[in-house]
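A.B. asks: Dropping the structure in here first, questions after.
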Amino acid sequence: MASVTDFKENEIENDWCPGCGDFGILNSIQMALADLDVEPHNVGLFSGIGCSGKTPHYVKAYGVHTMHGRVLPTATGAKLANPGLEVIAVGGDGDGYGIGAGHFVNAGRRNLDMPYIVFDNEVYGLTKGQASPTLDLGEQTKSLPEPNINDNVNPIATALAAGYTWVGRSYAFDVQHLKRMVKEATLHKGAALLDVLQPCPTYNDLHDKDFYSESSVPATGMPRVYKLEEEDDYDPYVQDPSDEEEVNAKKAQAFTRSQEWGERIPIGNFYKIDLPTYGERLEGRLGEYGPENAPAVEDWHDDGEPTADIDDYLEEKTVW
Amino acid sequence: MASVTDFKENEIENDWCPGCGDFGILNSIQMALADLDVEPHNVGLFSGIGCSGKTPHYVKAYGVHTMHGRVLPTATGAKLANPGLEVIAVGGDGDGYGIGAGHFVNAGRRNLDMPYIVFDNEVYGLTKGQASPTLDLGEQTKSLPEPNINDNVNPIATALAAGYTWVGRSYAFDVQHLKRMVKEATLHKGAALLDVLQPCPTYNDLHDKDFYSESSVPATGMPRVYKLEEEDDYDPYVQDPSDEEEVNAKKAQAFTRSQEWGERIPIGNFYKIDLPTYGERLEGRLGEYGPENAPAVEDWHDDGEPTADIDDYLEEKTVW
Amino acid sequence: MVGGPQGSGVDSAAQLFAQTVSRGGLNVWGQREYYSNIKGKHSYTKIRMSEDEIHSPVDRVHFLATYESETLARHVQDHRALVGGGGVLYDPSHTDETIADIRFMDHRVKADIAEEYGQPADEITIQQLLDDAAADGVRLFAFPYEELQKDIADELGMDDHNRLQILKNTMATAASIAMIEFGLEHLNETIDAIFGDKSDRIVEMNKVAAEHSAQYMRDNYEPFEHTIAPAEPDEERLFMQGTDAVALGKMVAGCRMQTYYPISPATDESVYLESKPGSDVVVVQTEDELSAVDMAIGAALTGARAATSTSGPGVNLMVEGLGFAGLCEVPLVLVDYQRGGPSTGMPTRTEQGDLQFALSLGNGEYPRLVLAPGDLDEMFHDTIDAFNLAERYQTPVLMLPDKDLAGNNHTVETFDVDEAEIDRGKLFDEDELAETEWRDDADRHPRFDTTEDGISPRSVIGQEGGIHWLTSDEHTEIGHITEDVVKREEIMEKRMEKIETAREEIPDDRMVRRVGPENAEVTFVTWGTPKGAVLDAMEVANEDGDLVNLVQIRVLSPFPNHVIDDVLDEATNAVSLENNYTSQLARLVREQLGRGFDHRAVKYNGRPIMQNEVLDIVDDVRKDAPDRIVLRGGI
Amino acid sequence: MVGGPQGSGVDSAAQLFAQTVSRGGLNVWGQREYYSNIKGKHSYTKIRMSEDEIHSPVDRVHFLATYESETLARHVQDHRALVGGGGVLYDPSHTDETIADIRFMDHRVKADIAEEYGQPADEITIQQLLDDAAADGVRLFAFPYEELQKDIADELGMDDHNRLQILKNTMATAASIAMIEFGLEHLNETIDAIFGDKSDRIVEMNKVAAEHSAQYMRDNYEPFEHTIAPAEPDEERLFMQGTDAVALGKMVAGCRMQTYYPISPATDESVYLESKPGSDVVVVQTEDELSAVDMAIGAALTGARAATSTSGPGVNLMVEGLGFAGLCEVPLVLVDYQRGGPSTGMPTRTEQGDLQFALSLGNGEYPRLVLAPGDLDEMFHDTIDAFNLAERYQTPVLMLPDKDLAGNNHTVETFDVDEAEIDRGKLFDEDELAETEWRDDADRHPRFDTTEDGISPRSVIGQEGGIHWLTSDEHTEIGHITEDVVKREEIMEKRMEKIETAREEIPDDRMVRRVGPENAEVTFVTWGTPKGAVLDAMEVANEDGDLVNLVQIRVLSPFPNHVIDDVLDEATNAVSLENNYTSQLARLVREQLGRGFDHRAVKYNGRPIMQNEVLDIVDDVRKDAPDRIVLRGGI
Ligand SMILES: Cc1ncc(C[n+]2csc(CCOP(=O)(O)OP(=O)(O)O)c2C)c(N)n1
Ligand SMILES: Cc1ncc(C[n+]2csc(CCOP(=O)(O)OP(=O)(O)O)c2C)c(N)n1
Ligand code: SF4
Ligand code: SF4
Ligand SMILES: [Mg+2]
Ligand SMILES: [Mg+2]
């Protein structure tokens, strides 16, 4: 069994800014992986480009630091080709909800069994703090010359609309909660979106550690971030996926919560439903599909001799 | 004042299949334009690629048949450069919610004063009937060799999540309703999404005219498609945009309705809110911005002599 | 040739005819032309057939069958489409339609006809055109579809002959078959094959329609001058289109993951693979081409053989992914079925316009291989090669067929599957890796080890002991980001060296195929599809002498420098031949060798290069041809 | 030179120093090197200064200032970074750190030092390196930052000197200024300029720090050997980076719409434009580069002058839009600030790797213009030209500067704004169009009229009477879809003709800049930034003879064929010089002219070509140099 230390890569120095929320996310992922009892070589950690994109380099596992906005398709390809791997996709909010938004929406439709963890710092960190798609209209971080001219996307609501079957949020500096969410998202059979509130002390002075968790909100006397699982009346889980009414109600409930942002910011699991995964659907189509029977399994040649039998197909085409 | 006929282009033959829902949409757009009292040369009709993409060629107005999935950014550029134009974006469901999904989501954030009309036939028409992003999981149109393996996106819900300030749906063969919706979407000050249920008799035998409007649903004895505006309890309009509670409630209400699909399918305006448009925000930033003061206004040279005054900027950079 | 509106079934007629004659033992070459349209616009298929091998289309046919006016207006009037003494089968019921009545015909064509006749378009009738053609020696075969349908309905015991519209295609085919005296036996066989799994009634309807139509022709017309008999060859022949050949090649090559986004003319390949779940290929329709290429890359990183297929506009969106694959040394196979460009261009027309793009797409520099198959057999075998080369050189391999090769049905000698071999290149096996102690940084397997030939042994995601990183940034041997000057130089040099290794390793005769006499007067140097037209032209031209030979460059990157240098040294008249505007191959040759061609022949109207055009070039070159020869044939 | 961790303020120190000396009347050339990192990794700026014009960096500096170990380890030890007799200003408080202690320094560098010293890295101290350098003649200036901060805090009446860490940059700058005896006057002036609008207290703090630091140096060290005095030139000089010059060019050119997606090193240009709302430029940050290019296209269609700027990875995503613009004849200006590739590559390092890509990006074929500015003045004027050319030839214009030109601050003669002219090409004006009766199809203005020179008069969206269509499909003159062979040929020929027209119309001396004696022994042919190194090398090399001349190709497409043919005819030793691996310019020359260079000099380690490297080439070429010369300088 691999320990947290086994998942720490030492050949490269971590070059995030001191105090960056990314550290919390990195630790949580490493802790979750250790908890999940998976071997490092069976993990494929995929990322986009950005500060967040550097994450795989700090984890001792197969790490793929792809292109800006392209983490989802690349990770999807690996998971489809080898469903036995623990494939995890991570990336920035600009990466995922901006340049990658098309993949983000369409990955929901596939319901591939894979978690996607978004480092949501409301800025483009690595390019020096421009507004990312989650920064609200009119907000001005210290890195911006003018207040933000765009409205923000709501990642939770968008994920719900796009069909993610597990939708959650956590907070980079609540490492225990975050680890739990990473595990849940990973264990969930289907497409999981985990949006992580991630302070960027270098560029985002509006929504920092202080804002999220340290100073209390005057009106409530409580920290802003609260946990859905501690709410009595909140149950994200669809008991009966075939019950349209329940599905709609649970989705609507999640949608409503997703709009909450201000004095109280919910974290936790907003929505969860068990539906056939893309892998299961593929199995239906192909007859056989799974870790033992997938593209990465090298059963298609015998010491250099192709083993594919296309005789029938040729026969169909034979005219004389 | 231009008439409907003025908006008909004759030099090219319409090559849609007989019975295609696109004809209804084309007519509605032409009727709406005539009603809106706009001159053909002040209209820029932009489209993506697909059967739907051919629309601009059949309308006598400036027509821009762009690339697959790129209608929104291209139209956005034109509208920003010349806000005095009536810019209308149209395109297919594959074009808009599939390959163009990233632009679709991010255009919501901008709230540019421009309608986007999506021809929703649940297939990729022009490439011969593959499943488009709106075809539901497990459905099999006559053009598909196997049932659809992907879940569908919900355009209405996605538009709500993305920030469109007018969200509606209509039906290609209810030309009067459709015309009204096109007008409303066009007149709305902000980003408007109009999803149009569009029968494709050639490839989609599941959701055809018969399904939507002709045969009645056994359980209700009524056609499937019904109008939100005829529902007593449905008011899409946010009276007070600063009232967070109202906003959230109206959005949630629209989200819930957007999930309705089966025996009853709502058409009409789901949600409407008046928020500052991108143009207004630009005006705030630049001081002046509008039809008389925009990139397309040729006030930056005087018979070949540039009139821009960069002296101050040079001064700032002058060291000796 | 058979022509008619898209979506009306002309396609089925063409299929029926072509299958019939191929089942009758003939070699067949199809050329299908159609608009980017679902229903209504003009579409036609030319079918060449012969006991001998054929490899290209020609401009004129001997027999033309149709049931509507546009085909007649375009192909009869033109004089380009029919040989003198040829025949036209047509529906006499609407020959009083005028040119102006023809809904979808291009204004240009209408105007040209009007000008030729010196009459307004709305005064020129189809009958006029037919009469004119007859005066030129074309035989007219009026074929009263509706009346015959009534007879057929009678025989079948049906009231409403209108429901038999759909039989038009079989009727036209049967009438044509009757005229060329091929016999109905193979047509009936084909009807069984095509409709057999639908219903017996449908088979019966078609057979009755065929018999009636043939009988009508025999009863009403003198025998036609051009006939052809079935043959009884020994070898096996396949009949298929290019996308099928690639799909079959992928199956044999072990490709188990295919991603695609629908686009003409590439879609057919993926649809074919999808229709064969037994082949175990996971076919994924993605949201766009950015995703398609990246998914294939992700799959390749797990050791799977993965590929994607598209056409030019899709390649535009794959540029990013290809650069990543090049930098990270990912074996990736991309088939670009070229079509008329630029941009969306002419989606259903052919072109070879993407060569220079393929050679330099992507910011910065990385090695890539570019293969250009020129016929169905090469489509099949190049596909298998592509995977071997991709893994051997750990870099993207692009294959560049075109719409013409992709979408047309031809007969081809059955593929020699046994010839196929799998070469996975330097791939670590589990045992070797298991000895690596991954917990100890110093003892790790350096994925991007700097070797002499530039190729580093490779592990894949999931292999124990092989842990490494991949990044779109420049990287160290283990795959971590670096910006160090020395590491950058080392890794860049290692990476670029691979293309030199490939140039040395790939045999000359794999890179270049030379056909024909050594000292020919005219040497055609080409790539891809046009080679067929040269082969066919050679048959004719070399009947009395060593006039023509062919140099087909099958690997464009790495470029076979010294082979082509020799070719140009030896050639009397070197003529480049390609389906594009700027003679992209000729540009490449000059970039590589610093030398040019005597003539550059190009064609860019979206139609393939035809045998007769090549023969014309031979004539012209022997007289006095310009440096740049533009071919303008086709309808 | 000043070096230190990214984000620690080294950048401000460099700015302060460079502004100070430029305000003192010197010409300045900066070279800033940094990682793709926000905080912590090694960054440095070299600043060359002279009373004479300078155009390039050199490898060795006379004075190096820092406050941390990595800079010392990399630059002192290396012997490459300091000239013998140079000086180092350093913090003596941590010279007992070892090489192994330096957190971010590349393993490669550590290993090299260890090997050189024959000791393990954790035994080699910074002090050892310093001593070694001293033995090589380098003067060591220990500078006790912390103690001095205490004094400064005292003088400022502050308790906690730790809050003065931020003054390190001013201190290092002042100490350096003192050592080169430039006088503090201009430093104080710069402090006023930079901090003036923050607060008086900050100005005071900085001035006190500067005075203390300078005094310390004067008190403790003998005068330094290399000094330089302020000058009092007459002409005006600007001090800026390349992105500023482009932004200013855009303002003058009438560009009123700029779209961008953040990417190094292009972002600065858009941010600068955004910071000047008075310039009326609408700057839009888009969701990606696909959107950025398409928005600019949409804007251009309304007659606005529109542009977008990016770097290589962004260009990958603009390929699609550029093809559309090419096909639809949209005047579009794209600036590609090239950086280390392929893929994400080396985001903050320089390269000229995108030339071949720019020349052939996009499926199919369409005309495009490619400009390559080589200095700040050309950045400014080429930008204005780019818009004129884009409208004149109604096609995309790509400008290809690089990171080195984009992101470094230099002095430049003030721009001659009056020289600028606007040429909108064949643009219909309202009056002309008003006469067109748009309701009558026959009387419409054919947007893509086939003219002799390939250029058709253009109307824009919103103009009465100008209605037409644009489509990414091939189209007729009015812009409707066509697949007709004849129309296709006509429109394709018309479109491609534009590049020939441009080739004829653009003056030779606009296409190519030739500098230096006519019959030089070595002729450098280059494009973009490397021209600066040649100019500087020429100053030295030609002191005793006509050794070197320069041919700078400023327009790469259309290619100035006959000019370069003449150049190569005349040259004794023609050497191509560029910042890439495959000598992309040399490849282009061979493709165009069928002839090559005597030598091809390349550099691909992400660092710019330096004056001394050019001088080395001159030496080598005169002796016996290989065909391909690889430059490996830089840290
Ligand atoms: C195609 C492309 N465009 C632009 C960039 C430049 N770029 C690098 S990182 C980045 C944004 C990063 O923001 P985000 O995704 O939020 O990640 P963060 O740095 O905040 O973690 C951008 C725009 C790129 N690398 N590739
Ligand atoms: C980049 C690119 N990829 C693929 C295509 C091929 N293509 C043309 S139309 C189309 C889909 C059209 O579907 P939709 O947008 O739903 O429009 P419809 O035809 O149904 O109206 C596709 C995939 C293309 N033109 N460009
Ligand atoms: S810039 Fe922000 S997100 Fe990036 S490493 Fe620094 S603190 Fe973290
Ligand atoms: S294929 Fe469908 S969407 Fe396209 S024109 Fe035909 S009916 Fe309409
Ligand atoms: Mg971010
Ligand atoms: Mg559709």
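Numbering starts fresh at 1 for the residues of each chain in the structure tokens, the chains themselves are lettered A, B, ... in the order given, and ligands are numbered from 1 as they appear.
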Would you mind listing what lies within 10 Å of Cys17 (chain A) as a ChimeraX atom specification, with only C-alpha atoms counted and same-chain residues fewer than 5 positions away left out?

C.D. replies: /A:22-23,51,200-202 /D:7,37-40

A.B. asks: Any chance you can output those residues with N, CA, C and O atoms as a short mmCIF file (atom, residue, chain, number, x, y, z; two decimals), in the first residue's frame?

C.D. replies:
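And here is the file that came out, again.cif:
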data_model
loop_
_atom_site.label_atom_id
_atom_site.label_comp_id
_atom_site.auth_asym_id
_atom_site.auth_seq_id
_atom_site.Cartn_x
_atom_site.Cartn_y
_atom_site.Cartn_z
N ASP A 22 -3.18 26.25 -3.61
CA ASP A 22 -2.86 25.03 -4.35
C ASP A 22 -2.18 23.99 -3.46
O ASP A 22 -2.35 22.78 -3.66
N PHE A 23 -1.42 24.45 -2.47
CA PHE A 23 -0.74 23.50 -1.59
C PHE A 23 -1.76 22.60 -0.88
O PHE A 23 -1.57 21.40 -0.74
N CYS A 51 -1.02 27.79 -12.98
CA CYS A 51 -0.33 27.40 -11.74
C CYS A 51 -0.83 26.01 -11.34
O CYS A 51 -0.05 25.10 -11.05
N CYS A 200 -5.70 32.74 -3.88
CA CYS A 200 -4.46 33.07 -4.59
C CYS A 200 -3.96 34.36 -3.96
O CYS A 200 -4.37 35.44 -4.33
N PRO A 201 -3.12 34.23 -2.95
CA PRO A 201 -2.71 35.43 -2.22
C PRO A 201 -1.98 36.45 -3.10
O PRO A 201 -2.00 37.64 -2.80
N THR A 202 -1.40 35.99 -4.18
CA THR A 202 -0.63 36.92 -5.01
C THR A 202 -1.50 37.86 -5.83
O THR A 202 -1.18 39.03 -5.99
N GLY D 7 9.66 37.78 -8.78
CA GLY D 7 8.66 38.27 -7.81
C GLY D 7 9.26 38.93 -6.59
O GLY D 7 8.55 39.42 -5.72
N ASN D 37 6.90 31.30 -14.13
CA ASN D 37 6.72 31.10 -12.69
C ASN D 37 6.35 32.45 -12.11
O ASN D 37 6.72 33.49 -12.63
N ILE D 38 5.60 32.42 -11.02
CA ILE D 38 5.19 33.70 -10.43
C ILE D 38 6.16 34.17 -9.38
O ILE D 38 6.56 35.34 -9.34
N LYS D 39 6.58 33.26 -8.52
CA LYS D 39 7.50 33.67 -7.45
C LYS D 39 8.57 32.63 -7.21
O LYS D 39 8.28 31.45 -7.03
N GLY D 40 9.80 33.07 -7.14
CA GLY D 40 10.85 32.22 -6.61
C GLY D 40 11.96 31.82 -7.55
O GLY D 40 13.10 31.66 -7.13
#

A.B. asks: Which residues are near ligand 6 - at most 8 Å, using only C-alpha atoms and all ligand atoms? Format: as a list of chain:residue names.

C.D. replies: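 If we count only C-alpha atoms and all ligand atoms, the neighbours of ligand 6 turn out to be B:Gly50, B:Cys51, B:Ser52, B:Gly92, B:Asp93, B:Gly94, B:Asp95, B:Phe119, B:Asp120, B:Asn121, B:Glu122, B:Val123, B:Tyr124, B:Gly125, B:Leu126, B:Ser132.
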
A.B. asks: Within 10 Å of Asp598 (chain D), counting only C-alpha atoms, which residues show up once you throw out same-chain ones fewer than 5 positions away? Write them as a ChimeraX atom specification, please.

C.D. replies: /D:522-523,568,571-576,621,625-628

A.B. asks: Using the chain letters and numbers from this document, which residues of region 120-267 of chain B does DSSP assign to helix (DSSP H, G or I), as a ChimeraX atom specification?

C.D. replies: /B:155-162,175-187,209-214,228-230,244-258

A.B. asks: Near chain C, which residues of chain B fall within 9 Å when you count only C-alpha atoms, and what do they look like as a ChimeraX atom specification?

C.D. replies: /B:11-18,49,51,66-68,94,97-101,124-128,130,133,145-146,202

A.B. asks: Taking C-alpha atoms for each residue, export the selection above as an mmCIF file, in the first residue's frame.

C.D. replies:
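Output (part_35.cif):
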data_model
loop_
_atom_site.group_PDB
_atom_site.id
_atom_site.type_symbol
_atom_site.label_atom_id
_atom_site.label_comp_id
_atom_site.auth_asym_id
_atom_site.auth_seq_id
_atom_site.Cartn_x
_atom_site.Cartn_y
_atom_site.Cartn_z
ATOM 1 C CA GLU B 11 -30.264 34.692 -56.330
ATOM 2 C CA ILE B 12 -29.759 31.399 -54.595
ATOM 3 C CA GLU B 13 -32.119 28.432 -54.385
ATOM 4 C CA ASN B 14 -33.070 27.170 -50.967
ATOM 5 C CA ASP B 15 -31.775 23.618 -50.782
ATOM 6 C CA TRP B 16 -33.238 22.384 -47.521
ATOM 7 C CA CYS B 17 -35.207 19.140 -47.650
ATOM 8 C CA PRO B 18 -38.940 19.429 -48.233
ATOM 9 C CA ILE B 49 -22.115 25.568 -40.370
ATOM 10 C CA CYS B 51 -28.174 22.965 -42.724
ATOM 11 C CA THR B 66 -19.070 31.558 -40.567
ATOM 12 C CA MET B 67 -17.250 28.432 -39.425
ATOM 13 C CA HIS B 68 -18.646 25.430 -37.597
ATOM 14 C CA GLY B 94 -24.404 20.756 -32.846
ATOM 15 C CA TYR B 97 -24.075 23.304 -27.880
ATOM 16 C CA GLY B 98 -21.418 20.918 -29.141
ATOM 17 C CA ILE B 99 -18.398 22.379 -30.907
ATOM 18 C CA GLY B 100 -19.482 25.877 -29.912
ATOM 19 C CA ALA B 101 -20.355 25.135 -26.294
ATOM 20 C CA TYR B 124 -26.137 16.876 -37.179
ATOM 21 C CA GLY B 125 -28.211 17.466 -40.272
ATOM 22 C CA LEU B 126 -25.654 18.397 -42.880
ATOM 23 C CA THR B 127 -23.299 15.553 -42.013
ATOM 24 C CA LYS B 128 -26.115 13.050 -42.351
ATOM 25 C CA GLN B 130 -25.347 11.816 -36.284
ATOM 26 C CA PRO B 133 -25.853 17.225 -28.117
ATOM 27 C CA PRO B 145 -26.794 2.660 -36.382
ATOM 28 C CA GLU B 146 -26.940 2.361 -32.588
ATOM 29 C CA THR B 202 -34.915 13.464 -43.144
#

A.B. asks: Need to verify the contact set: region 86-93 of chain C, 7 Å, only C-alpha atoms, exclusion of same-chain residues closer than 2 positions in sequence. Can you return it as a PDB file with N, CA, C and O atoms, in the first residue's frame?

C.D. replies:
ATOM      1  N   HIS C  62     -19.602   6.337 -72.038  1.00  0.00           N
ATOM      2  CA  HIS C  62     -20.289   5.779 -73.193  1.00  0.00           C
ATOM      3  C   HIS C  62     -21.792   5.764 -73.014  1.00  0.00           C
ATOM      4  O   HIS C  62     -22.545   5.756 -73.967  1.00  0.00           O
ATOM      5  N   PHE C  63     -22.201   5.742 -71.771  1.00  0.00           N
ATOM      6  CA  PHE C  63     -23.633   5.622 -71.532  1.00  0.00           C
ATOM      7  C   PHE C  63     -24.011   6.431 -70.293  1.00  0.00           C
ATOM      8  O   PHE C  63     -23.324   6.369 -69.283  1.00  0.00           O
ATOM      9  N   LEU C  64     -25.099   7.149 -70.429  1.00  0.00           N
ATOM     10  CA  LEU C  64     -25.535   8.031 -69.350  1.00  0.00           C
ATOM     11  C   LEU C  64     -26.987   7.724 -69.052  1.00  0.00           C
ATOM     12  O   LEU C  64     -27.820   7.732 -69.969  1.00  0.00           O
ATOM     13  N   ALA C  65     -27.306   7.454 -67.801  1.00  0.00           N
ATOM     14  CA  ALA C  65     -28.696   7.170 -67.444  1.00  0.00           C
ATOM     15  C   ALA C  65     -29.188   8.194 -66.437  1.00  0.00           C
ATOM     16  O   ALA C  65     -28.467   8.547 -65.496  1.00  0.00           O
ATOM     17  N   THR C  66     -30.395   8.676 -66.642  1.00  0.00           N
ATOM     18  CA  THR C  66     -30.948   9.628 -65.670  1.00  0.00           C
ATOM     19  C   THR C  66     -32.454   9.648 -65.777  1.00  0.00           C
ATOM     20  O   THR C  66     -33.038   9.001 -66.645  1.00  0.00           O
ATOM     21  N   TYR C  67     -33.095  10.373 -64.903  1.00  0.00           N
ATOM     22  CA  TYR C  67     -34.540  10.562 -65.003  1.00  0.00           C
ATOM     23  C   TYR C  67     -34.924  12.010 -64.760  1.00  0.00           C
ATOM     24  O   TYR C  67     -36.039  12.319 -64.426  1.00  0.00           O
ATOM     25  N   GLU C  68     -33.964  12.912 -64.864  1.00  0.00           N
ATOM     26  CA  GLU C  68     -34.321  14.320 -64.639  1.00  0.00           C
ATOM     27  C   GLU C  68     -33.499  15.232 -65.545  1.00  0.00           C
ATOM     28  O   GLU C  68     -32.562  14.796 -66.217  1.00  0.00           O
ATOM     29  N   LEU C  82     -20.012  12.811 -72.769  1.00  0.00           N
ATOM     30  CA  LEU C  82     -20.328  11.626 -73.574  1.00  0.00           C
ATOM     31  C   LEU C  82     -19.370  11.489 -74.743  1.00  0.00           C
ATOM     32  O   LEU C  82     -19.058  12.465 -75.411  1.00  0.00           O
ATOM     33  N   VAL C  83     -18.948  10.262 -75.011  1.00  0.00           N
ATOM     34  CA  VAL C  83     -18.158  10.080 -76.225  1.00  0.00           C
ATOM     35  C   VAL C  83     -19.121  10.069 -77.401  1.00  0.00           C
ATOM     36  O   VAL C  83     -20.294   9.715 -77.267  1.00  0.00           O
ATOM     37  N   GLY C  84     -18.629  10.487 -78.537  1.00  0.00           N
ATOM     38  CA  GLY C  84     -19.459  10.389 -79.745  1.00  0.00           C
ATOM     39  C   GLY C  84     -19.852   8.922 -79.904  1.00  0.00           C
ATOM     40  O   GLY C  84     -19.055   8.029 -79.655  1.00  0.00           O
ATOM     41  N   THR C  95     -39.130  16.578 -71.298  1.00  0.00           N
ATOM     42  CA  THR C  95     -38.069  17.180 -72.112  1.00  0.00           C
ATOM     43  C   THR C  95     -38.463  18.553 -72.638  1.00  0.00           C
ATOM     44  O   THR C  95     -37.696  19.209 -73.312  1.00  0.00           O
ATOM     45  N   VAL C 138     -24.826  11.183 -80.700  1.00  0.00           N
ATOM     46  CA  VAL C 138     -25.235  10.521 -79.458  1.00  0.00           C
ATOM     47  C   VAL C 138     -26.577   9.811 -79.694  1.00  0.00           C
ATOM     48  O   VAL C 138     -27.477  10.379 -80.321  1.00  0.00           O
ATOM     49  N   ARG C 139     -26.678   8.579 -79.205  1.00  0.00           N
ATOM     50  CA  ARG C 139     -27.953   7.886 -79.372  1.00  0.00           C
ATOM     51  C   ARG C 139     -28.882   8.178 -78.207  1.00  0.00           C
ATOM     52  O   ARG C 139     -28.494   8.151 -77.047  1.00  0.00           O
ATOM     53  N   LEU C 140     -30.138   8.449 -78.528  1.00  0.00           N
ATOM     54  CA  LEU C 140     -31.107   8.801 -77.494  1.00  0.00           C
ATOM     55  C   LEU C 140     -31.998   7.598 -77.182  1.00  0.00           C
ATOM     56  O   LEU C 140     -32.603   7.016 -78.072  1.00  0.00           O
ATOM     57  N   PHE C 141     -32.023   7.255 -75.901  1.00  0.00           N
ATOM     58  CA  PHE C 141     -32.894   6.168 -75.482  1.00  0.00           C
ATOM     59  C   PHE C 141     -33.966   6.721 -74.558  1.00  0.00           C
ATOM     60  O   PHE C 141     -33.734   6.862 -73.352  1.00  0.00           O
ATOM     61  N   ALA C 142     -35.084   7.109 -75.130  1.00  0.00           N
ATOM     62  CA  ALA C 142     -36.182   7.568 -74.281  1.00  0.00           C
ATOM     63  C   ALA C 142     -36.684   6.363 -73.492  1.00  0.00           C
ATOM     64  O   ALA C 142     -36.817   5.267 -74.046  1.00  0.00           O
ATOM     65  N   PHE C 143     -36.937   6.595 -72.235  1.00  0.00           N
ATOM     66  CA  PHE C 143     -37.307   5.492 -71.351  1.00  0.00           C
ATOM     67  C   PHE C 143     -38.455   5.974 -70.480  1.00  0.00           C
ATOM     68  O   PHE C 143     -38.249   6.739 -69.533  1.00  0.00           O
ATOM     69  N   PRO C 144     -39.677   5.573 -70.799  1.00  0.00           N
ATOM     70  CA  PRO C 144     -40.859   6.133 -70.132  1.00  0.00           C
ATOM     71  C   PRO C 144     -41.078   5.516 -68.753  1.00  0.00           C
ATOM     72  O   PRO C 144     -41.816   4.547 -68.603  1.00  0.00           O
ATOM     73  N   TYR C 145     -40.405   6.090 -67.785  1.00  0.00           N
ATOM     74  CA  TYR C 145     -40.417   5.525 -66.431  1.00  0.00           C
ATOM     75  C   TYR C 145     -41.839   5.273 -65.940  1.00  0.00           C
ATOM     76  O   TYR C 145     -42.164   4.195 -65.452  1.00  0.00           O
TER      77      TYR C 145
END

A.B. asks: Between A:Asp195, A:Glu246, A:Asp302, A:Glu316, which one has atoms that come closest to chain B, using only C-alpha atoms?

C.D. replies: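 Distance minimum relative to chain B lands on A:Glu246.
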
A.B. asks: Would you mind listing what lies within 7 Å of region 185-189 of chain B as a VMD selection string, with only C-alpha atoms counted and same-chain residues fewer than 6 positions away left out?

C.D. replies: chain B and resid 113 to 115 166 277

A.B. asks: Can you tell me which residues surround Ser50 (chain C) at a distance of at most 8 Å, considering only C-alpha atoms, apart from same-chain residues fewer than 5 positions away, and format the answer as an MDAnalysis selection string?

C.D. replies: chainID C and resid 26:28

A.B. asks: Residues of chain A within 7 Å of chain B, using only C-alpha atoms, as a PyMOL selection string?

C.D. replies: chain A and resi 98-102+105-106+109-110+149-154+157-158+161-163+248+252+255-256+259+281
